[in-house]
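Trainee: This is target-v3.tsv, which holds TSV, C-alpha atoms and all ligand atoms:
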```
chain	number	residue	atom	x	y	z
A	22	MET	CA	85.56	105.59	108.60
A	23	THR	CA	83.73	103.73	105.87
A	24	TRP	CA	84.75	102.38	102.52
A	25	ASP	CA	83.91	105.69	100.82
A	26	SER	CA	87.12	107.14	102.18
A	27	ARG	CA	89.31	105.55	99.56
A	28	SER	CA	91.98	106.86	97.27
A	29	PRO	CA	90.78	108.45	94.01
A	30	VAL	CA	92.12	105.47	92.08
A	31	GLU	CA	90.08	103.03	94.11
A	32	ALA	CA	87.06	105.31	94.01
A	33	GLY	CA	87.39	105.35	90.22
A	34	TYR	CA	87.19	101.61	90.15
A	35	ALA	CA	84.17	101.79	92.41
A	36	ALA	CA	82.46	104.16	90.02
A	37	ALA	CA	83.34	101.96	87.05
A	38	SER	CA	81.97	98.78	88.56
A	39	GLY	CA	79.29	100.40	90.68
A	40	GLN	CA	76.71	100.17	87.92
A	41	SER	CA	76.87	96.41	87.87
A	42	VAL	CA	76.92	96.19	91.65
A	43	ALA	CA	73.89	98.41	91.89
A	44	ALA	CA	71.90	96.36	89.36
A	45	ALA	CA	68.79	94.59	90.62
A	46	GLU	CA	69.80	91.67	92.80
A	47	PRO	CA	68.90	88.37	91.20
A	48	ALA	CA	66.37	86.26	93.00
A	49	GLY	CA	68.12	83.53	94.93
A	50	LYS	CA	70.97	85.52	96.44
A	51	GLY	CA	68.84	86.16	99.47
A	52	ARG	CA	68.91	82.44	100.18
A	53	VAL	CA	72.65	82.42	100.85
A	54	ALA	CA	72.48	83.79	104.39
A	55	ALA	CA	69.54	81.52	105.19
A	56	VAL	CA	71.39	78.39	104.07
A	57	VAL	CA	74.48	79.42	106.05
A	58	GLU	CA	72.26	79.96	109.08
A	59	GLN	CA	70.66	76.54	108.66
A	60	SER	CA	74.15	75.02	108.56
A	61	ARG	CA	75.40	77.05	111.54
A	62	ALA	CA	76.00	74.05	113.81
A	63	GLU	CA	77.88	72.10	111.14
A	64	ILE	CA	80.09	75.07	110.12
A	65	LEU	CA	80.98	76.11	113.67
A	66	GLU	CA	81.57	72.57	114.88
A	67	LEU	CA	84.13	72.21	112.08
A	68	SER	CA	85.79	75.51	113.01
A	69	HIS	CA	86.09	74.45	116.65
A	70	ARG	CA	87.27	70.93	115.82
A	71	ILE	CA	90.08	72.22	113.59
A	72	HIS	CA	91.01	74.78	116.25
A	73	ALA	CA	91.22	72.07	118.91
A	74	ASN	CA	93.45	69.90	116.69
A	75	PRO	CA	96.06	72.27	115.23
A	76	GLU	CA	98.31	70.83	112.53
A	77	PRO	CA	101.25	72.75	111.01
A	78	ALA	CA	101.96	73.33	107.33
A	79	PHE	CA	101.92	70.20	105.13
A	80	GLU	CA	100.70	68.10	108.08
A	81	GLU	CA	97.02	69.14	108.07
A	82	HIS	CA	95.85	65.55	107.56
A	83	GLN	CA	92.87	65.65	109.91
A	84	ALA	CA	91.71	69.13	108.95
A	85	ALA	CA	91.89	68.36	105.23
A	86	ALA	CA	90.00	65.08	105.73
A	87	TRP	CA	87.27	66.82	107.76
A	88	VAL	CA	86.91	69.55	105.14
A	89	ALA	CA	86.78	66.96	102.35
A	90	GLU	CA	84.09	64.99	104.21
A	91	ALA	CA	82.05	68.12	104.81
A	92	ILE	CA	81.86	69.23	101.19
A	93	ALA	CA	81.35	65.65	99.97
A	94	ARG	CA	78.32	65.46	102.27
A	95	HIS	CA	76.88	68.42	100.40
A	96	GLY	CA	77.28	66.84	97.00
A	97	TYR	CA	80.70	67.97	95.82
A	98	GLN	CA	82.82	65.60	93.75
A	99	VAL	CA	85.91	65.50	95.91
A	100	GLU	CA	89.51	64.66	95.01
A	101	PHE	CA	91.57	64.21	98.17
A	102	PRO	CA	94.46	64.43	97.95
A	103	VAL	CA	94.81	66.36	94.71
A	104	GLY	CA	98.11	67.21	93.02
A	105	ARG	CA	101.39	66.61	94.81
A	106	LEU	CA	100.41	67.77	98.28
A	107	PRO	CA	98.88	65.05	100.48
A	108	THR	CA	96.77	67.63	102.33
A	109	ALA	CA	95.43	69.49	99.29
A	110	LEU	CA	91.91	68.83	98.08
A	111	ARG	CA	89.51	69.86	95.38
A	112	GLY	CA	85.73	69.65	95.29
A	113	ARG	CA	83.70	70.42	92.21
A	114	MET	CA	80.02	70.94	91.58
A	115	ALA	CA	78.50	71.70	88.19
A	116	GLY	CA	75.73	74.26	87.98
A	117	GLY	CA	72.31	72.91	87.03
A	118	ARG	CA	72.09	75.26	84.06
A	119	GLY	CA	74.97	73.73	82.20
A	120	PRO	CA	78.71	74.31	81.84
A	121	ASN	CA	78.38	77.60	79.97
A	122	GLY	CA	79.28	79.87	82.85
A	123	PRO	CA	82.18	80.89	85.05
A	124	ARG	CA	84.26	78.64	87.28
A	125	ILE	CA	84.46	80.31	90.65
A	126	GLY	CA	87.05	79.17	93.20
A	127	ILE	CA	86.22	79.09	96.90
A	128	LEU	CA	89.41	78.58	98.89
A	129	ALA	CA	90.08	77.32	102.40
A	130	GLU	CA	93.25	77.32	104.50
A	131	TYR	CA	93.65	75.11	107.57
A	132	ASP	CA	97.28	75.09	108.70
A	133	ALA	CA	98.29	76.16	112.21
A	134	LEU	CA	101.47	77.65	113.68
A	135	PRO	CA	104.02	75.35	115.36
A	136	GLY	CA	103.89	75.72	119.13
A	137	LEU	CA	101.04	78.22	118.99
A	138	GLY	CA	98.08	76.48	117.37
A	139	HIS	CA	95.56	78.44	115.34
A	140	GLY	CA	97.11	81.83	116.11
A	141	CYS	CA	96.19	82.97	112.60
A	142	GLY	CA	92.59	81.74	112.80
A	143	HIS	CA	92.75	79.42	109.80
A	144	ASN	CA	90.10	77.27	111.48
A	145	SER	CA	87.67	80.09	110.75
A	146	MET	CA	88.88	80.23	107.14
A	147	ALA	CA	88.37	76.52	106.60
A	148	ALA	CA	84.91	76.56	108.15
A	149	SER	CA	83.79	79.69	106.31
A	150	GLY	CA	84.99	78.23	103.00
A	151	VAL	CA	82.99	75.10	103.70
A	152	GLY	CA	80.02	77.29	104.68
A	153	ALA	CA	80.24	79.21	101.40
A	154	ALA	CA	80.47	75.91	99.52
A	155	ILE	CA	77.37	74.61	101.33
A	156	ALA	CA	75.40	77.76	100.45
A	157	LEU	CA	76.46	77.64	96.80
A	158	ALA	CA	75.60	73.94	96.61
A	159	ALA	CA	72.04	74.81	97.62
A	160	LEU	CA	71.85	77.39	94.83
A	161	ALA	CA	73.75	75.33	92.24
A	162	PRO	CA	70.64	74.05	90.39
A	163	ASP	CA	69.98	77.63	89.29
A	164	LEU	CA	73.57	78.42	88.28
A	165	ALA	CA	75.55	77.93	85.07
A	166	GLY	CA	79.24	77.09	85.33
A	167	GLU	CA	81.09	75.31	88.10
A	168	ILE	CA	81.83	75.82	91.78
A	169	VAL	CA	85.42	74.80	92.53
A	170	PHE	CA	86.40	74.37	96.16
A	171	LEU	CA	90.14	74.25	96.84
A	172	GLY	CA	91.57	73.19	100.19
A	173	THR	CA	94.99	74.87	100.21
A	174	PRO	CA	97.63	73.63	102.68
A	175	ALA	CA	100.71	75.30	104.09
A	176	GLU	CA	100.04	79.03	103.97
A	177	GLU	CA	102.18	79.72	107.03
A	178	ARG	CA	105.30	78.07	105.67
A	179	GLY	CA	106.21	76.69	102.30
A	180	GLY	CA	103.44	78.16	100.15
A	181	GLY	CA	101.10	75.31	99.28
A	182	LYS	CA	99.16	77.44	96.82
A	183	GLN	CA	102.20	77.87	94.56
A	184	VAL	CA	102.55	74.08	94.43
A	185	MET	CA	98.85	73.84	93.55
A	186	ILE	CA	99.30	76.52	90.85
A	187	ASP	CA	102.21	74.47	89.44
A	188	ASP	CA	99.99	71.39	89.61
A	189	GLY	CA	97.48	73.15	87.33
A	190	LEU	CA	94.75	73.30	89.96
A	191	PHE	CA	94.00	76.98	89.31
A	192	GLU	CA	93.77	76.56	85.54
A	193	GLY	CA	90.38	77.48	84.14
A	194	LEU	CA	89.28	79.36	87.24
A	195	ASP	CA	87.72	82.80	86.76
A	196	ALA	CA	88.02	83.98	90.36
A	197	ALA	CA	89.59	82.95	93.66
A	198	LEU	CA	87.85	84.06	96.86
A	199	LEU	CA	89.24	83.67	100.37
A	200	TYR	CA	88.40	85.48	103.60
A	201	HIS	CA	90.96	85.90	106.40
A	202	PRO	CA	90.15	86.68	110.06
A	203	SER	CA	91.73	89.79	111.54
A	204	ASP	CA	91.24	92.46	114.20
A	205	THR	CA	89.82	94.82	111.55
A	206	SER	CA	87.61	94.44	108.48
A	207	SER	CA	88.48	95.32	104.91
A	208	ALA	CA	87.43	94.21	101.45
A	209	MET	CA	90.89	95.02	100.14
A	210	CYS	CA	94.22	93.38	100.79
A	211	ALA	CA	97.86	94.38	100.41
A	212	LEU	CA	100.63	91.85	100.93
A	213	LEU	CA	104.39	91.89	101.22
A	214	ALA	CA	106.40	89.78	98.82
A	215	CYS	CA	108.27	87.31	100.99
A	216	ALA	CA	110.86	84.56	100.93
A	217	ASP	CA	112.22	82.12	103.47
A	218	VAL	CA	116.01	82.21	103.36
A	219	GLU	CA	118.02	79.48	105.01
A	220	VAL	CA	121.66	80.34	105.69
A	221	THR	CA	124.24	77.67	106.55
A	222	PHE	CA	127.81	78.59	107.49
A	223	HIS	CA	130.57	75.99	107.31
A	224	GLY	CA	133.78	76.36	109.34
A	225	LEU	CA	136.26	74.00	110.96
A	226	GLN	CA	136.01	72.34	114.37
A	227	ALA	CA	138.77	72.75	116.96
A	228	HIS	CA	139.18	72.60	120.75
A	229	ALA	CA	138.03	76.01	121.95
A	230	ALA	CA	140.77	76.24	124.63
A	231	SER	CA	143.77	74.22	123.46
A	232	ASP	CA	143.60	74.68	119.65
A	233	PRO	CA	141.31	77.63	118.84
A	234	TRP	CA	143.67	79.02	116.17
A	235	MET	CA	143.13	75.79	114.23
A	236	GLY	CA	139.40	76.42	113.99
A	237	LYS	CA	137.16	78.44	111.65
A	238	ASN	CA	134.26	79.69	113.71
A	239	ALA	CA	130.90	79.33	111.96
A	240	LEU	CA	129.20	81.00	114.92
A	241	ASP	CA	131.29	84.14	114.35
A	242	ALA	CA	129.91	84.25	110.82
A	243	LEU	CA	126.36	83.80	112.11
A	244	ILE	CA	126.74	86.60	114.69
A	245	LEU	CA	128.20	88.89	112.03
A	246	LEU	CA	125.23	88.13	109.78
A	247	PHE	CA	122.72	89.17	112.46
A	248	GLN	CA	124.73	92.31	113.22
A	249	ALA	CA	125.03	93.25	109.55
A	250	VAL	CA	121.30	92.69	108.98
A	251	GLY	CA	120.60	94.90	112.00
A	252	LEU	CA	122.69	97.70	110.48
A	253	TRP	CA	121.17	97.11	107.02
A	254	ARG	CA	117.70	97.84	108.41
A	255	GLN	CA	118.49	101.57	108.38
A	256	GLN	CA	118.74	101.44	104.59
A	257	ILE	CA	115.62	99.40	103.83
A	258	ARG	CA	112.24	100.88	102.89
A	259	PRO	CA	109.79	101.52	105.75
A	260	SER	CA	107.50	98.75	104.51
A	261	ALA	CA	110.30	96.21	104.06
A	262	ARG	CA	111.03	93.60	106.70
A	263	VAL	CA	113.88	91.22	107.45
A	264	HIS	CA	113.82	88.97	110.50
A	265	GLY	CA	115.43	85.72	111.52
A	266	ILE	CA	116.11	83.09	114.12
A	267	VAL	CA	119.05	80.81	114.92
A	268	ILE	CA	118.39	77.16	114.09
A	269	GLU	CA	121.83	75.76	114.92
A	270	GLY	CA	124.41	77.74	116.87
A	271	GLY	CA	126.98	75.07	117.69
A	272	THR	CA	126.95	71.98	119.85
A	273	ALA	CA	129.21	72.66	122.85
A	274	ALA	CA	130.94	75.69	124.33
A	275	ASN	CA	134.34	73.95	124.14
A	276	ILE	CA	134.07	73.18	120.43
A	277	ILE	CA	134.64	75.87	117.77
A	278	PRO	CA	131.41	75.41	115.80
A	279	ASP	CA	131.97	74.11	112.29
A	280	ARG	CA	128.33	74.53	111.29
A	281	THR	CA	125.66	77.10	112.10
A	282	VAL	CA	122.24	77.63	110.55
A	283	ALA	CA	119.85	80.58	110.58
A	284	ARG	CA	116.43	80.99	109.03
A	285	PHE	CA	115.42	84.45	107.83
A	286	MET	CA	112.43	85.95	106.11
A	287	VAL	CA	112.89	88.86	103.70
A	288	ARG	CA	109.87	90.96	102.70
A	289	SER	CA	108.90	94.07	100.78
A	290	ASP	CA	105.69	95.58	99.45
A	291	GLN	CA	107.34	96.13	96.06
A	292	GLN	CA	108.35	93.20	93.92
A	293	ASP	CA	111.47	94.83	92.42
A	294	ASP	CA	112.63	96.07	95.82
A	295	PHE	CA	112.07	92.56	97.18
A	296	GLU	CA	114.31	91.07	94.51
A	297	ARG	CA	117.01	93.67	95.26
A	298	MET	CA	116.76	92.82	98.95
A	299	LEU	CA	117.29	89.12	98.26
A	300	ARG	CA	120.47	89.92	96.31
A	301	ARG	CA	121.66	92.26	99.07
A	302	PHE	CA	120.94	89.65	101.75
A	303	ASP	CA	123.06	87.16	99.83
A	304	GLN	CA	125.96	89.68	99.67
A	305	ILE	CA	125.71	90.30	103.42
A	306	ALA	CA	125.84	86.57	104.16
A	307	GLN	CA	128.85	86.17	101.84
A	308	GLY	CA	130.55	89.06	103.63
A	309	ALA	CA	129.95	87.50	107.03
A	310	ALA	CA	131.40	84.22	105.80
A	311	ILE	CA	134.52	85.92	104.42
A	312	ALA	CA	135.07	87.80	107.68
A	313	ALA	CA	135.04	84.55	109.66
A	314	ASP	CA	137.02	82.56	107.06
A	315	CYS	CA	134.02	80.29	106.53
A	316	THR	CA	131.88	79.32	103.57
A	317	VAL	CA	128.15	79.87	103.27
A	318	GLU	CA	125.10	78.52	101.49
A	319	VAL	CA	122.13	80.88	101.08
A	320	VAL	CA	118.97	79.11	99.95
A	321	PRO	CA	115.80	81.13	99.34
A	322	SER	CA	112.52	79.22	99.08
A	323	ALA	CA	108.75	79.69	99.37
A	324	LEU	CA	108.59	82.86	97.31
A	325	TYR	CA	105.36	84.71	98.08
A	326	SER	CA	104.25	87.51	95.75
A	327	THR	CA	102.74	90.90	96.45
A	328	MET	CA	98.93	91.07	96.13
A	329	ASN	CA	97.39	91.91	92.77
A	330	ASP	CA	94.02	92.67	94.34
A	331	SER	CA	91.02	92.50	91.98
A	332	HIS	CA	89.15	95.78	92.40
A	333	VAL	CA	86.18	94.39	90.49
A	334	LEU	CA	85.79	91.48	92.92
A	335	GLN	CA	86.65	93.70	95.84
A	336	GLU	CA	83.75	96.04	95.01
A	337	LEU	CA	81.35	93.11	94.85
A	338	PHE	CA	82.50	91.87	98.25
A	339	ARG	CA	82.32	95.42	99.63
A	340	ALA	CA	78.75	95.87	98.38
A	341	ASN	CA	77.79	92.64	100.11
A	342	MET	CA	79.48	93.84	103.32
A	343	VAL	CA	77.46	97.06	103.14
A	344	ALA	CA	74.24	95.15	102.49
A	345	HIS	CA	74.85	93.18	105.70
A	346	GLY	CA	75.90	96.24	107.69
A	347	VAL	CA	79.51	95.08	108.06
A	348	LYS	CA	81.60	98.18	108.70
A	349	GLU	CA	84.87	98.52	106.84
A	350	ASP	CA	87.88	99.83	108.75
A	351	PRO	CA	90.59	102.07	107.28
A	352	TYR	CA	93.37	99.98	105.84
A	353	ASP	CA	96.58	100.09	107.85
A	354	PHE	CA	99.44	99.86	105.37
A	355	THR	CA	101.97	99.74	108.23
A	356	ARG	CA	100.72	96.29	109.29
A	357	LEU	CA	101.20	94.10	106.25
A	358	GLY	CA	101.88	90.39	106.20
A	359	SER	CA	102.46	87.91	103.43
A	360	SER	CA	100.39	85.11	101.96
A	361	ASP	CA	100.59	82.69	99.08
A	362	MET	CA	97.26	84.24	98.02
A	363	GLY	CA	99.60	86.83	96.46
A	364	ASN	CA	100.81	84.12	94.08
A	365	VAL	CA	97.22	83.15	93.26
A	366	SER	CA	96.41	86.81	92.54
A	367	HIS	CA	98.92	86.78	89.68
A	368	VAL	CA	97.23	83.85	87.89
A	369	VAL	CA	93.50	84.58	88.38
A	370	PRO	CA	91.38	87.53	89.61
A	371	THR	CA	91.61	87.22	93.39
A	372	ILE	CA	90.41	88.80	96.61
A	373	HIS	CA	91.56	88.17	100.17
A	374	PRO	CA	89.28	90.32	102.36
A	375	TYR	CA	89.62	90.58	106.12
A	376	LEU	CA	86.85	90.48	108.71
A	377	ALA	CA	87.29	91.25	112.39
A	378	ILE	CA	86.93	88.42	114.90
A	379	CYS	CA	88.09	90.55	117.88
A	380	ASP	CA	88.71	94.13	118.98
A	381	GLU	CA	91.35	96.11	117.13
A	382	GLY	CA	94.82	95.81	118.64
A	383	VAL	CA	94.99	92.06	119.14
A	384	ALA	CA	98.21	91.00	117.41
A	385	GLY	CA	98.07	88.23	114.84
A	386	HIS	CA	100.15	85.11	115.50
A	387	SER	CA	99.62	85.43	119.26
A	388	THR	CA	97.92	83.37	121.93
A	389	ALA	CA	95.37	86.18	122.26
A	390	PHE	CA	94.41	85.90	118.59
A	391	ARG	CA	94.38	82.10	118.83
A	392	ASP	CA	91.97	82.27	121.75
A	393	ALA	CA	89.84	84.84	119.89
A	394	ALA	CA	89.43	82.49	116.94
A	395	VAL	CA	86.77	80.37	118.67
A	396	THR	CA	84.81	83.01	120.61
A	397	PRO	CA	81.12	83.61	119.86
A	398	ARG	CA	82.18	86.78	118.01
A	399	ALA	CA	84.60	84.82	115.82
A	400	ASP	CA	81.88	82.28	115.15
A	401	GLU	CA	79.51	85.00	113.91
A	402	THR	CA	82.31	86.36	111.70
A	403	THR	CA	82.95	82.87	110.31
A	404	LEU	CA	79.28	82.61	109.32
A	405	MET	CA	79.25	86.14	107.90
A	406	ALA	CA	82.39	85.37	105.88
A	407	ALA	CA	80.71	82.27	104.45
A	408	THR	CA	77.72	84.41	103.44
A	409	LEU	CA	79.76	87.23	101.90
A	410	VAL	CA	82.06	84.89	99.95
A	411	ALA	CA	79.11	82.87	98.65
A	412	GLU	CA	77.18	86.02	97.73
A	413	THR	CA	80.19	87.40	95.86
A	414	ALA	CA	80.47	84.09	93.98
A	415	TYR	CA	76.73	84.25	93.27
A	416	ASP	CA	77.16	87.77	91.83
A	417	LEU	CA	79.76	86.42	89.43
A	418	PHE	CA	77.71	83.37	88.45
A	419	THR	CA	74.68	85.48	87.66
A	420	ASP	CA	76.40	88.35	85.82
A	421	PRO	CA	79.06	87.11	83.37
A	422	GLN	CA	79.90	90.74	82.55
A	423	LEU	CA	81.42	91.02	86.00
A	424	VAL	CA	83.68	88.07	85.24
A	425	ASP	CA	84.71	89.74	81.98
A	426	ALA	CA	85.38	92.99	83.85
A	427	ALA	CA	87.55	91.15	86.39
A	428	TRP	CA	89.61	89.55	83.62
A	429	ARG	CA	89.92	92.88	81.76
A	430	GLU	CA	91.28	94.50	84.90
A	431	PHE	CA	93.58	91.52	85.50
A	432	ARG	CA	95.01	91.76	81.98
A	433	GLY	CA	95.23	95.53	82.17
A	434	SER	CA	93.04	95.92	79.10
B	1	ZN	ZN	96.81	83.48	108.06
```
For the structure just supplied, provide its representation as structure tokens.

Mentor:
Amino acid sequence: MTWDSRSPVEAGYAAASGQSVAAAEPAGKGRVAAVVEQSRAEILELSHRIHANPEPAFEEHQAAAWVAEAIARHGYQVEFPVGRLPTALRGRMAGGRGPNGPRIGILAEYDALPGLGHGCGHNSMAASGVGAAIALAALAPDLAGEIVFLGTPAEERGGGKQVMIDDGLFEGLDAALLYHPSDTSSAMCALLACADVEVTFHGLQAHAASDPWMGKNALDALILLFQAVGLWRQQIRPSARVHGIVIEGGTAANIIPDRTVARFMVRSDQQDDFERMLRRFDQIAQGAAIAADCTVEVVPSALYSTMNDSHVLQELFRANMVAHGVKEDPYDFTRLGSSDMGNVSHVVPTIHPYLAICDEGVAGHSTAFRDAAVTPRADETTLMAATLVAETAYDLFTDPQLVDAAWREFRGS
């Protein structure tokens, strides 16, 4: 199936923006792929180096430094760190035709998963972002406006992009572009709203054999919470998710545990449903605490939003995919994840397209996907992503009406 098989709403957007997309391609865009190809060794070496040195959220010190060095080498003015996060960075390059043009954001993620490494392929994202930045740097003398590269930490946990939004680092941007590797390809993106929820039960210690009636068992409360969540799943929407692990379950079998801790994630594809779920989760945890005569703290954090996908930008990216013969797969709405790109999409026109680095059916966040992220196929996808992101940015730089259209759609006007 190709991208023509979309819903009428999406097809309507395609028709609306298709005129601009179909306009004569400006001279210069053809150079993007050539520059990426010339930089092949540099881009792929970076992808492999980050893959071989995985660093979890907020600890991507090496990866961020390598990315900062790479874009500085190509003439970007780099601030590293930038804002409050020690592994966030920003690189800026002014267009040679003056400041009177758009500011287009090229993003890069580089965090890995604890115990798994780059099971989400963020090495490819970092390298492709750098590749796009290199290509745009080569074209910058002919552009008006500013290229803004943002190295964004902690996508897997914590939500570094929201911190960067709060730090003002997305202010003044006209677009945010970020590719993600996957087992399928799509210009569009849907995301589940998501929160981390830490639950701590407090009870009272006692000898489990001689004085158990003197104790208040925080593990009972924890077990009841997992059971209640399991029953609750029947009443949640098909696209909603709730899943958790035990962090602390007690210290010894002969001590009634006075403290237990679980970490959950709560998700939904609808923002209002998500907020209802968070309230419901809190009630369930309170109920479990009452049943076990314990007290409980429920602390949500790292709130990720649903995706407000920019159809205008999406169509530009799609047209560039088509021009390069990249086939688009049907979008599988049963396999949604979450990303802090959702948060970005609510402050600036944003896309988060996916490109396949492996055959369909390889699960994300697995050793198989990790191993796929440095294969020759993944490398070609990394280079293609750099080209498509840079070409989409080039489209925006060279046709300000597209930027206006993206903002009109964003504002609903
Ligand atoms: Zn990811």

Trainee: Could you tell me which of A:Ser360, A:Asn275, A:Asn238, A:Thr388 comes closest to Gly179 (chain A) if we count all atoms listed in the file?

Mentor: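 For Gly179 (chain A), the nearest of the given residues is A:Ser360.
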
Trainee: Could you list, as a list of chain:residue names, all protein and nucleic acid residues with an atom at most 8 Å from ligand ZN 1 (chain B), counting all atoms listed in the file?

Mentor: A:Glu130, A:Cys141, A:Gly142, A:His143, A:Glu176, A:Glu177, A:His201, A:Pro202, A:Ser360

Trainee: With distances taken over only C-alpha atoms, which of A:Thr402, A:Ser387, A:Thr173, A:Ser145 is nearest to Ser206 (chain A)?

Mentor: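 Going through A:Thr402, A:Ser387, A:Thr173, A:Ser145 one by one, the smallest distance to Ser206 (chain A) is for A:Thr402.
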
Trainee: Could you work out how far CA of Arg262 (chain A) lies from CA of Val287 (chain A), giving the answer in Å with one decimal?

Mentor: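 Here the two named atoms are 5.9 Å from each other.
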
Trainee: Find, counting all atoms listed in the file, the residue in A:Val218, A:Ala411, A:Ala230, A:Ala156 that gets nearest to Arg284 (chain A).

Mentor: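 Comparing A:Val218, A:Ala411, A:Ala230, A:Ala156 against Arg284 (chain A), the winner is A:Val218.
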
Trainee: Would you list the residues near (87.2, 93.4, 117.9) (no more than 10 Å away, in the coordinates of the file, using only C-alpha atoms) as a short mmCIF file (atom, residue, chain, number, x, y, z; two decimals) with C-alpha atoms, in the coordinates of the input?

Mentor:
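Written output follows (point-v8.cif):
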```cif
data_model
loop_
_atom_site.label_atom_id
_atom_site.label_comp_id
_atom_site.auth_asym_id
_atom_site.auth_seq_id
_atom_site.Cartn_x
_atom_site.Cartn_y
_atom_site.Cartn_z
CA SER A 203 91.73 89.79 111.54
CA ASP A 204 91.24 92.46 114.20
CA THR A 205 89.82 94.82 111.55
CA SER A 206 87.61 94.44 108.48
CA LEU A 376 86.85 90.48 108.71
CA ALA A 377 87.29 91.25 112.39
CA ILE A 378 86.93 88.42 114.90
CA CYS A 379 88.09 90.55 117.88
CA ASP A 380 88.71 94.13 118.98
CA GLU A 381 91.35 96.11 117.13
CA GLY A 382 94.82 95.81 118.64
CA VAL A 383 94.99 92.06 119.14
CA ALA A 393 89.84 84.84 119.89
CA ARG A 398 82.18 86.78 118.01
CA ALA A 399 84.60 84.82 115.82
#
```

Trainee: May I ask which of the residues A:Ser322, A:Thr327, A:Gln226, A:Ser68 is the closest one to Val365 (chain A), counting all atoms listed in the file?

Mentor: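 Closest to Val365 (chain A), using all atoms listed in the file: A:Thr327.
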
Trainee: Mind giving me the straight-line distance from CA of Pro259 (chain A) to CA of Ala384 (chain A) in Å, one decimal?

Mentor: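 One can read the CA of Pro259 (chain A) to CA of Ala384 (chain A) distance as 19.5 Å.
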
Trainee: Find the residue from A:Pro321, A:Pro374, A:Gly152, A:Gly96 that sits nearest to Val53 (chain A); use all atoms listed in the file when measuring.

Mentor: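 The closest residue to Val53 (chain A) is A:Gly152.
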
Trainee: Please measure the separation of CA of His332 (chain A) and CA of Ile168 (chain A), giving the value in Å to one decimal.

Mentor: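 Those two atoms sit 21.3 Å apart.
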
Trainee: My list of candidates is A:Gly150, A:Pro135, A:Gly308, A:Gly270. Which is closest to Ala91 (chain A) when distances are computed with only C-alpha atoms?

Mentor: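 Among A:Gly150, A:Pro135, A:Gly308, A:Gly270, it is A:Gly150 that comes nearest to Ala91 (chain A).
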
Trainee: Write out as number ranges by chain the residues lying within 8 Å of Lys182 (chain A), counting only C-alpha atoms and excluding same-chain residues fewer than 3 positions away.

Mentor: A: 173-176, 185-186, 361-362, 364-365

Trainee: Would you mind listing, for every residue of region 147-224 of chain A within 12 Å of region 295-301 of chain A, the two atoms forming the shortest contact and the distance between them in Å to one decimal, using only C-alpha atoms, sorted by chain and ascending residue number, as JSON lines?

Mentor:
```
{"residue": "A:Leu213", "atom": "CA", "partner": "A:Phe295", "partner_atom": "CA", "distance": 8.7}
{"residue": "A:Ala214", "atom": "CA", "partner": "A:Phe295", "partner_atom": "CA", "distance": 6.5}
{"residue": "A:Cys215", "atom": "CA", "partner": "A:Phe295", "partner_atom": "CA", "distance": 7.5}
{"residue": "A:Ala216", "atom": "CA", "partner": "A:Leu299", "partner_atom": "CA", "distance": 8.3}
{"residue": "A:Asp217", "atom": "CA", "partner": "A:Leu299", "partner_atom": "CA", "distance": 10.1}
{"residue": "A:Val218", "atom": "CA", "partner": "A:Leu299", "partner_atom": "CA", "distance": 8.7}
{"residue": "A:Glu219", "atom": "CA", "partner": "A:Leu299", "partner_atom": "CA", "distance": 11.8}
```

Trainee: As lines of an AutoDock Vina configuration file, please report the centre and edge lengths, rounded to one decimal in Å, of the axis-aligned box that holds all listed atoms of region 98-115 of chain A with 6 Å of padding on each of the six sides.

Mentor:
```
center_x = 89.9
center_y = 68.0
center_z = 95.3
size_x = 34.9
size_y = 19.5
size_z = 26.1
```

Trainee: Please provide the set of residues having any atom within 8 Å of Ala406 (chain A), restricted to only C-alpha atoms, with same-chain residues fewer than 2 positions apart removed, written as a ChimeraX atom specification.

Mentor: /A:149,153,200,376,402-404,408-410

Trainee: Could you list, as a PyMOL selection string, every residue within 8 Å of region 421-426 of chain A, counting all atoms listed in the file and ignoring same-chain residues fewer than 6 positions away?

Mentor: chain A and resi 41+122-123+195-196+333

Trainee: When you get a chance, write out N, CA, C and O atoms for region 167-171 of chain A, as a JSON list (two decimals), in the coordinates of the input.

Mentor:
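What follows is the written file result-v5.json:
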```json
[["chain", "number", "residue", "atom", "x", "y", "z"],
["A", 167, "GLU", "N", 80.62, 76.32, 87.14],
["A", 167, "GLU", "CA", 81.09, 75.31, 88.10],
["A", 167, "GLU", "C", 81.63, 75.98, 89.36],
["A", 167, "GLU", "O", 82.35, 76.98, 89.29],
["A", 168, "ILE", "N", 81.26, 75.39, 90.50],
["A", 168, "ILE", "CA", 81.83, 75.82, 91.78],
["A", 168, "ILE", "C", 83.05, 74.93, 92.03],
["A", 168, "ILE", "O", 82.95, 73.70, 91.95],
["A", 169, "VAL", "N", 84.19, 75.56, 92.30],
["A", 169, "VAL", "CA", 85.42, 74.80, 92.53],
["A", 169, "VAL", "C", 85.94, 75.14, 93.92],
["A", 169, "VAL", "O", 86.36, 76.27, 94.18],
["A", 170, "PHE", "N", 85.89, 74.18, 94.80],
["A", 170, "PHE", "CA", 86.40, 74.37, 96.16],
["A", 170, "PHE", "C", 87.83, 73.85, 96.21],
["A", 170, "PHE", "O", 88.10, 72.72, 95.82],
["A", 171, "LEU", "N", 88.74, 74.68, 96.72],
["A", 171, "LEU", "CA", 90.14, 74.25, 96.84],
["A", 171, "LEU", "C", 90.60, 74.34, 98.29],
["A", 171, "LEU", "O", 90.59, 75.43, 98.88]]
```
